[in-house]
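Read the structure below first, then the notes.
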Amino acid sequence: MSDTSGGVASAVHPTPRSWLVRASNPSPMTLDGTNTWVLVEPGERVAVVVDPGPDDAGHRSAVLAAIASARASEVALVLLTHGHPDHADGAPAFADAVAAPVRAAAPSFCSAAAQPLVDGEHLRVGGLRIDVVATPGHTADSVCLVVPADAALLTGDTVLGRGSTVVAYPDGRLGDYLHSLRRLRALTEERRLRVVLPGHGPVVDDPAALLEQYAVHRETRLTQVRAAAVDARTIDDVLHAVYGDVEPSLQFAARWSLLAQLEYLRESGADAPVLGLLGPPAQPLDVPDHDGPRFDA
Ligand SMILES: [Zn+2]
């Protein structure tokens, strides 16, 4: 990428059009914290902010400072990759502060007069082009964003800079997620994408390898769940067999991922007694205020 020093891309300015501001909300569920992305076309004064992050005055100030260092004087648009609180809670206050609309795939996260993001939409803001790609799976409302001029893919929580992401069942569905991974792999090849700007964790310079790693991990987990399901009498039996080493505070997220996988196996016609214990599809669960896992979901 162009902003290099001794050939090493800058962590905070990894591509010509992107600046990273990491929120101070590290946790087992958010890795080092939520990544807020500031996008500005070189030579232009207009910024787009992706995922303002938590509702935190200090983070808001840091994002405004990054906008200034990108030499932008206004924010024209705030985008959300999805509605999880560690990405979206700060959006209303940030959008108010900069007088910009918020757009997301889910209408409930959009500002009053703003339209929801649509798959295949090409946004043009201050000379910058951003393409919207619907990638449901982590959540139903997840989108990725392509900045073609930087060959960059902003992935939100669909793909993280390290580790694996949770399929937040029942809002997130594994069949959708696997389809989204395949779609991103095809898109990476087709559009010759060279860098992933994720919602958590570090920038990744080899999108194809990262997506392959994610696909292999999902296949490995499915194989483990399928094997454990054969003799299991309860869903907890499968949970202990596959996710027994996950710490207690993260078991709720392990359970989401497990239910997503069991539901996927049931939909795929797999036959195991434990699949009969699943509730009806898409039964709502209580969703704790957490996001982006720190274990191999
Ligand atoms: Zn999320």
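Every chain in the structure tokens takes a letter, A first, then B, and so on in the order presented; its residues are numbered from 1, and the ligands are numbered from 1 following the presented order.
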(message) Any residue with an atom at most 12 Å from ligand 1 counts, using only C-alpha atoms and all ligand atoms. Which are they? Put them as a VMD selection string.
(response) chain A and resid 29 to 31 33 to 35 51 53 80 to 89 136 to 143 155 to 160 164 to 169 171 to 172 198 to 200 253 287 to 293
Residues near A:Pro52, anyone? I mean within 9 Å using only C-alpha atoms, not counting same-chain ones fewer than 2 positions away, as a PDB file with C-alpha atoms, in the first residue's frame.
ATOM      1  CA  ALA A  23     -11.873   1.826  20.486  1.00  0.00           C
ATOM      2  CA  THR A  34     -13.716  -2.305  17.928  1.00  0.00           C
ATOM      3  CA  ASN A  35     -12.104  -0.950  14.760  1.00  0.00           C
ATOM      4  CA  THR A  36     -13.648   2.287  13.527  1.00  0.00           C
ATOM      5  CA  TRP A  37     -12.660   3.101   9.935  1.00  0.00           C
ATOM      6  CA  VAL A  49     -16.949   6.784   8.956  1.00  0.00           C
ATOM      7  CA  VAL A  50     -17.621   3.041   9.220  1.00  0.00           C
ATOM      8  CA  PRO A  54     -19.151   2.203  21.446  1.00  0.00           C
ATOM      9  CA  ASP A  55     -20.860   5.344  22.743  1.00  0.00           C
ATOM     10  CA  HIS A  59     -13.369   7.342  21.184  1.00  0.00           C
ATOM     11  CA  ARG A  60     -15.475   9.982  19.455  1.00  0.00           C
ATOM     12  CA  VAL A  63     -12.205   9.489  15.468  1.00  0.00           C
ATOM     13  CA  VAL A  78     -21.769   7.101   8.721  1.00  0.00           C
ATOM     14  CA  LEU A  79     -22.045   3.413   7.776  1.00  0.00           C
ATOM     15  CA  LEU A  80     -22.629   0.355   9.950  1.00  0.00           C
ATOM     16  CA  ASP A  86     -19.858  -2.502  20.053  1.00  0.00           C
ATOM     17  CA  HIS A  87     -20.103  -1.215  16.456  1.00  0.00           C
ATOM     18  CA  ALA A  88     -23.321   0.751  16.502  1.00  0.00           C
ATOM     19  CA  ASP A  89     -23.969   2.161  19.996  1.00  0.00           C
ATOM     20  CA  GLY A  90     -21.927   5.289  19.297  1.00  0.00           C
ATOM     21  CA  ALA A  91     -23.494   5.938  15.898  1.00  0.00           C
ATOM     22  CA  PRO A  92     -26.366   8.259  16.896  1.00  0.00           C
ATOM     23  CA  PHE A  94     -21.357  10.571  16.480  1.00  0.00           C
ATOM     24  CA  ALA A  95     -23.758  11.288  13.614  1.00  0.00           C
TER      25      ALA A  95
END
(request) Just the residues within 9 Å of A:Val242, please, counting only C-alpha atoms, with nothing from its chain fewer than 2 positions along; format it as a list in words. (result)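 Close residues of A:Val242: Arg221, Gln224, Val225, Ala228, Asp237, Val238, Leu239, His240, Gly244, Asp245 and Leu258 of chain A.
Inside stretch 69-174 of chain A, the residues DSSP reads as strand (DSSP E or B) when given the backbone are Glu74, Val75, Ala76, Leu77, Val78, Leu79, Val102, Arg103, His122, Leu123, Arg124, Val125, Leu128, Arg129, Ile130, Asp131, Val132, Val133, Ala134, Val143, Cys144, Leu145, Val146, Val147, Ala152, Leu153, Leu154, Thr155 and Gly156 of chain A.
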(request) Pick out each residue of stretch 135-246 of chain A that DSSP on the backbone tags as alpha helix (DSSP H); I need them as a PyMOL selection string. (result) chain A and resi 174-190+207-231+235-243
(request) Using atom CA of A:Ala66 and atom CA of A:Val21 as the two end points, give the distance in Å to one decimal. (result)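 One can read the atom CA of A:Ala66 to atom CA of A:Val21 distance as 7.2 Å.
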(request) Tell me, in Å to one decimal, how far atom CA of A:Val125 is from atom CA of A:Ala151. (result)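 Going from atom CA of A:Val125 over to atom CA of A:Ala151 covers 17.1 Å.
Here the question is which of A:Thr234, A:Ser73, A:Ser27, A:Ser249 gets nearest to A:Ala47 using only C-alpha atoms, and that residue is A:Ser73.
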